[in-house]
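Enquirer: Dropping in start.txt, with compact mmCIF, C-alpha atoms.
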```
# COMPACT_ATOMS: atom_id res chain seq x y z
CA MET A 163 -180.92 -27.84 -133.99
CA SER A 164 -181.60 -24.27 -134.98
CA PRO A 165 -181.09 -21.36 -132.57
CA SER A 166 -184.85 -20.81 -132.55
CA GLU A 167 -185.25 -24.21 -130.84
CA LEU A 168 -183.03 -23.14 -127.92
CA THR A 169 -184.15 -21.37 -124.75
CA PRO A 170 -182.17 -18.37 -123.46
CA MET A 171 -180.78 -18.86 -119.94
CA THR A 172 -178.07 -17.42 -117.68
CA LYS A 173 -174.93 -19.37 -116.76
CA ILE A 174 -173.28 -18.61 -113.41
CA GLU A 175 -169.80 -19.99 -112.79
CA VAL A 176 -168.10 -19.61 -109.43
CA VAL A 177 -164.57 -20.66 -108.51
CA VAL A 178 -164.11 -21.00 -104.74
CA ALA A 179 -161.96 -22.85 -102.26
CA SER A 180 -163.36 -26.29 -101.49
CA ASP A 181 -164.19 -25.13 -97.95
CA ASP A 182 -166.73 -22.68 -99.45
CA VAL A 183 -168.43 -25.10 -101.86
CA ALA A 184 -171.18 -26.16 -99.44
CA GLU A 185 -172.17 -22.55 -98.73
CA VAL A 186 -172.19 -21.47 -102.38
CA SER A 187 -174.02 -24.56 -103.65
CA ALA A 188 -176.65 -24.23 -100.89
CA LEU A 189 -177.15 -20.57 -101.83
CA MET A 190 -177.56 -21.45 -105.50
CA GLN A 191 -180.21 -24.04 -104.74
CA SER A 192 -182.05 -22.01 -102.12
CA LEU A 193 -182.32 -19.10 -104.57
CA GLY A 194 -183.76 -21.07 -107.46
CA ALA A 195 -181.09 -23.19 -109.16
CA ARG A 196 -182.35 -26.73 -109.72
CA GLY A 197 -178.84 -28.12 -109.73
CA TYR A 198 -175.19 -27.44 -110.42
CA THR A 199 -172.04 -29.08 -111.68
CA ALA A 200 -168.93 -29.12 -109.47
CA ILE A 201 -165.48 -29.58 -110.96
CA THR A 202 -162.81 -30.00 -108.30
CA GLY A 203 -159.09 -29.46 -108.59
CA VAL A 204 -159.23 -26.47 -110.95
CA ALA A 205 -156.21 -24.20 -111.23
CA GLY A 206 -155.44 -20.76 -112.57
CA VAL A 207 -153.40 -17.61 -112.31
CA GLY A 208 -154.86 -14.36 -110.99
CA HIS A 209 -153.71 -11.14 -109.39
CA HIS A 210 -152.35 -13.14 -106.42
CA GLY A 211 -150.40 -15.51 -108.66
CA PRO A 212 -150.92 -19.23 -109.31
CA ARG A 213 -153.72 -20.97 -107.39
CA GLY A 214 -155.30 -24.35 -107.17
CA GLY A 215 -154.69 -27.68 -108.69
CA ARG A 216 -155.31 -30.98 -106.97
CA LEU A 217 -153.19 -31.45 -103.89
CA LEU A 218 -152.13 -34.97 -103.06
CA PHE A 219 -153.16 -35.17 -99.40
CA ASN A 220 -155.30 -32.10 -98.72
CA ASP A 221 -158.61 -31.69 -100.54
CA HIS A 222 -159.54 -28.64 -98.42
CA ASP A 223 -157.03 -26.42 -100.22
CA THR A 224 -158.22 -27.22 -103.73
CA LEU A 225 -160.34 -24.93 -105.86
CA THR A 226 -163.74 -25.98 -107.17
CA LEU A 227 -165.66 -24.60 -110.14
CA LEU A 228 -169.43 -24.59 -109.59
CA VAL A 229 -171.59 -24.09 -112.68
CA THR A 230 -175.33 -23.56 -112.72
CA VAL A 231 -177.76 -22.52 -115.45
CA VAL A 232 -180.95 -20.70 -114.52
CA ALA A 233 -183.77 -18.74 -116.10
CA PRO A 234 -182.68 -15.09 -116.46
CA GLU A 235 -185.24 -13.92 -113.88
CA LYS A 236 -183.57 -16.09 -111.19
CA ALA A 237 -180.01 -14.96 -111.91
CA ASP A 238 -180.01 -11.62 -110.05
CA ALA A 239 -180.98 -13.19 -106.73
CA ILE A 240 -178.31 -15.89 -107.03
CA ILE A 241 -175.64 -13.34 -108.00
CA ALA A 242 -176.62 -11.09 -105.09
CA GLY A 243 -176.48 -14.07 -102.71
CA ILE A 244 -173.02 -15.17 -103.82
CA ARG A 245 -171.38 -11.72 -103.78
CA PRO A 246 -171.16 -11.48 -99.94
CA VAL A 247 -169.48 -14.91 -99.84
CA LEU A 248 -166.83 -13.65 -102.25
CA ASP A 249 -166.35 -10.53 -100.07
CA HIS A 250 -164.94 -12.69 -97.27
CA ALA A 251 -163.58 -15.66 -99.25
CA SER A 252 -161.22 -16.15 -102.13
CA GLY A 253 -162.98 -16.72 -105.43
CA VAL A 254 -164.38 -15.33 -108.65
CA MET A 255 -167.77 -15.36 -110.36
CA PHE A 256 -168.53 -15.28 -114.08
CA VAL A 257 -172.03 -14.64 -115.45
CA SER A 258 -172.93 -15.06 -119.11
CA PRO A 259 -175.93 -15.58 -121.34
CA THR A 260 -176.32 -19.08 -122.70
CA SER A 261 -178.94 -21.21 -124.43
CA VAL A 262 -180.15 -24.73 -123.66
CA SER A 263 -181.93 -27.39 -125.66
CA ARG A 264 -183.94 -28.87 -122.77
CA ALA A 265 -185.28 -25.95 -120.75
CA ASP A 266 -187.41 -28.22 -118.56
CA TYR A 267 -184.18 -29.49 -116.93
CA PHE A 268 -183.53 -26.00 -115.57
CA ALA A 269 -187.01 -24.68 -114.77
```
Show me, as structure tokens, the structure contained in the file I just sent.
Expert:
Amino acid sequence: MSPSELTPMTKIEVVVASDDVAEVSALMQSLGARGYTAITGVAGVGHHGPRGGRLLFNDHDTLTLLVTVVAPEKADAIIAGIRPVLDHASGVMFVSPTSVSRADYFA
């Protein structure tokens, strides 16, 4: 597939505590995302040290990565909606340009 057959989109990735997943995913969908992918039990190291990983008996303390892909014109509203959540909750957001082969899945 050549690059000319791909449609430019924006990918938004948010890592949050599992307790904040419902709020962030609802925001994404209410602001134009048709769907998202959630990957639970992610781990990493940041300015506060190691975080995350799957805990054996407590799924509320795990981190979740939410990924959505939207048309560029929808991205600003979703980013603006998620920022206040990250002001009062632990988490990070990554935004990057991407391309997709089936744009109708994301429109």
Enquirer: Give me the residues within 12 Å of Glu185 (chain A) as a list in words, counting only C-alpha atoms and dropping any in the same chain fewer than 5 places off.
Expert: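 Once the adjacent positions are removed, what remains is Val176, Val178, Ala179, Ser180, Met190, Gln191, Ser192, Leu228, Gly243, Ile244, Arg245, Pro246, Val247, Leu248 and Ala251 of chain A.
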Enquirer: Write a file of the selected residues as an mmCIF file, in the coordinates of the input, keeping C-alpha atoms.
Expert:
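Just written: result-v4.cif:
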```
data_model
loop_
_atom_site.group_PDB
_atom_site.id
_atom_site.type_symbol
_atom_site.label_atom_id
_atom_site.label_comp_id
_atom_site.auth_asym_id
_atom_site.auth_seq_id
_atom_site.Cartn_x
_atom_site.Cartn_y
_atom_site.Cartn_z
ATOM 1 C CA VAL A 176 -168.100 -19.610 -109.430
ATOM 2 C CA VAL A 178 -164.110 -21.000 -104.740
ATOM 3 C CA ALA A 179 -161.960 -22.850 -102.260
ATOM 4 C CA SER A 180 -163.360 -26.290 -101.490
ATOM 5 C CA MET A 190 -177.560 -21.450 -105.500
ATOM 6 C CA GLN A 191 -180.210 -24.040 -104.740
ATOM 7 C CA SER A 192 -182.050 -22.010 -102.120
ATOM 8 C CA LEU A 228 -169.430 -24.590 -109.590
ATOM 9 C CA GLY A 243 -176.480 -14.070 -102.710
ATOM 10 C CA ILE A 244 -173.020 -15.170 -103.820
ATOM 11 C CA ARG A 245 -171.380 -11.720 -103.780
ATOM 12 C CA PRO A 246 -171.160 -11.480 -99.940
ATOM 13 C CA VAL A 247 -169.480 -14.910 -99.840
ATOM 14 C CA LEU A 248 -166.830 -13.650 -102.250
ATOM 15 C CA ALA A 251 -163.580 -15.660 -99.250
#
```
Enquirer: A:Ser252, A:Thr224, A:Thr172, A:Thr199: which is nearest Ile240 (chain A), counting all atoms listed in the file?
Expert: A:Thr172
Enquirer: To one decimal in Å, tell me the separation between CA of Gly194 (chain A) and CA of Val232 (chain A).
Expert: 7.6 Å
Enquirer: So, counting all atoms listed in the file, which residue among A:Ile241, A:Val254, A:Leu225, A:Thr260 is closest to Thr202 (chain A)?
Expert: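 Of all the options, A:Leu225 lies closest to Thr202 (chain A).
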Enquirer: Please measure the separation of CA of Met171 (chain A) and CA of Val183 (chain A), giving the value in Å to one decimal.
Expert: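 Spanning CA of Met171 (chain A) to CA of Val183 (chain A) is a straight-line distance of 22.8 Å.
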Enquirer: To one decimal place in Å, what is the distance between CA of Phe268 (chain A) and CA of Thr230 (chain A)?
Expert: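 Those two atoms sit 9.0 Å apart.
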Enquirer: Using all atoms listed in the file, find the one residue out of A:Val204, A:His209, A:Phe256, A:Ala242 that sits nearest to Glu175 (chain A).
Expert: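 Checking each candidate against Glu175 (chain A), we get A:Phe256 as the closest.
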Enquirer: Please provide as number ranges by chain all residues within 12 Å of Ala233 (chain A), with the sequence filter that same-chain residues fewer than 5 positions apart are discarded (counting only C-alpha atoms).
Expert: A: 169-174, 193-196, 238-240, 258-262, 265-269
Enquirer: Check the smallest atom-to-atom distance from each of A:Ala188, A:Ala205, A:Val231, A:Leu168 to Gly253 (chain A) using all atoms listed in the file, then report the winner.
Expert: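 Answer, going by the shortest atom-to-atom distance: A:Ala205.
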Enquirer: Can you give me all heavy atoms for region 224-235 of chain A, written as a tab-separated table (two decimals), in the coordinates of the input?
Expert:
```tsv
chain	number	residue	atom	x	y	z
A	224	THR	N	-158.00	-27.25	-102.29
A	224	THR	CA	-158.22	-27.22	-103.73
A	224	THR	C	-159.27	-26.18	-104.09
A	224	THR	O	-160.04	-25.72	-103.25
A	224	THR	CB	-158.67	-28.60	-104.26
A	224	THR	OG1	-159.93	-28.91	-103.67
A	224	THR	CG2	-157.67	-29.67	-103.96
A	225	LEU	N	-159.30	-25.82	-105.35
A	225	LEU	CA	-160.34	-24.93	-105.86
A	225	LEU	C	-161.39	-25.77	-106.57
A	225	LEU	O	-161.09	-26.81	-107.17
A	225	LEU	CB	-159.75	-23.92	-106.84
A	225	LEU	CG	-158.76	-22.92	-106.28
A	225	LEU	CD1	-158.21	-22.03	-107.40
A	225	LEU	CD2	-159.40	-22.07	-105.19
A	226	THR	N	-162.63	-25.30	-106.51
A	226	THR	CA	-163.74	-25.98	-107.17
A	226	THR	C	-164.47	-24.98	-108.04
A	226	THR	O	-164.72	-23.84	-107.63
A	226	THR	CB	-164.71	-26.58	-106.13
A	226	THR	OG1	-163.99	-27.56	-105.37
A	226	THR	CG2	-165.90	-27.24	-106.79
A	227	LEU	N	-164.84	-25.40	-109.24
A	227	LEU	CA	-165.66	-24.60	-110.14
A	227	LEU	C	-167.09	-25.12	-110.03
A	227	LEU	O	-167.34	-26.31	-110.28
A	227	LEU	CB	-165.16	-24.74	-111.58
A	227	LEU	CG	-166.07	-24.18	-112.68
A	227	LEU	CD1	-166.26	-22.67	-112.52
A	227	LEU	CD2	-165.50	-24.52	-114.05
A	228	LEU	N	-168.00	-24.26	-109.63
A	228	LEU	CA	-169.43	-24.59	-109.59
A	228	LEU	C	-170.11	-23.89	-110.76
A	228	LEU	O	-169.90	-22.69	-110.98
A	228	LEU	CB	-170.06	-24.10	-108.29
A	228	LEU	CG	-169.57	-24.76	-107.01
A	228	LEU	CD1	-170.04	-24.00	-105.80
A	228	LEU	CD2	-170.03	-26.20	-106.95
A	229	VAL	N	-170.90	-24.63	-111.52
A	229	VAL	CA	-171.59	-24.09	-112.68
A	229	VAL	C	-173.07	-24.39	-112.54
A	229	VAL	O	-173.46	-25.54	-112.29
A	229	VAL	CB	-171.08	-24.71	-114.00
A	229	VAL	CG1	-171.79	-24.10	-115.20
A	229	VAL	CG2	-169.58	-24.56	-114.12
A	230	THR	N	-173.89	-23.35	-112.69
A	230	THR	CA	-175.33	-23.56	-112.72
A	230	THR	C	-175.92	-22.76	-113.88
A	230	THR	O	-175.34	-21.75	-114.30
A	230	THR	CB	-176.01	-23.17	-111.39
A	230	THR	OG1	-177.37	-23.64	-111.40
A	230	THR	CG2	-175.99	-21.68	-111.13
A	231	VAL	N	-177.04	-23.21	-114.39
A	231	VAL	CA	-177.76	-22.52	-115.45
A	231	VAL	C	-179.18	-22.30	-114.96
A	231	VAL	O	-179.83	-23.24	-114.50
A	231	VAL	CB	-177.74	-23.34	-116.76
A	231	VAL	CG1	-178.61	-22.69	-117.82
A	231	VAL	CG2	-176.31	-23.51	-117.25
A	232	VAL	N	-179.62	-21.05	-115.04
A	232	VAL	CA	-180.95	-20.70	-114.52
A	232	VAL	C	-181.67	-19.80	-115.51
A	232	VAL	O	-181.06	-19.18	-116.38
A	232	VAL	CB	-180.86	-19.99	-113.15
A	232	VAL	CG1	-180.27	-20.91	-112.09
A	232	VAL	CG2	-180.07	-18.69	-113.23
A	233	ALA	N	-182.99	-19.69	-115.33
A	233	ALA	CA	-183.77	-18.74	-116.10
A	233	ALA	C	-183.27	-17.33	-115.75
A	233	ALA	O	-182.90	-17.08	-114.60
A	233	ALA	CB	-185.24	-18.88	-115.76
A	234	PRO	N	-183.22	-16.44	-116.72
A	234	PRO	CA	-182.68	-15.09	-116.46
A	234	PRO	C	-183.31	-14.38	-115.26
A	234	PRO	O	-182.61	-13.68	-114.53
A	234	PRO	CB	-182.97	-14.35	-117.77
A	234	PRO	CG	-182.98	-15.41	-118.81
A	234	PRO	CD	-183.60	-16.62	-118.12
A	235	GLU	N	-184.58	-14.62	-115.00
A	235	GLU	CA	-185.24	-13.92	-113.88
A	235	GLU	C	-184.77	-14.43	-112.51
A	235	GLU	O	-185.00	-13.78	-111.49
A	235	GLU	CB	-186.76	-14.00	-113.99
A	235	GLU	CG	-187.33	-15.39	-113.97
A	235	GLU	CD	-187.46	-16.04	-115.35
A	235	GLU	OE1	-186.92	-15.52	-116.34
A	235	GLU	OE2	-188.11	-17.10	-115.40
```
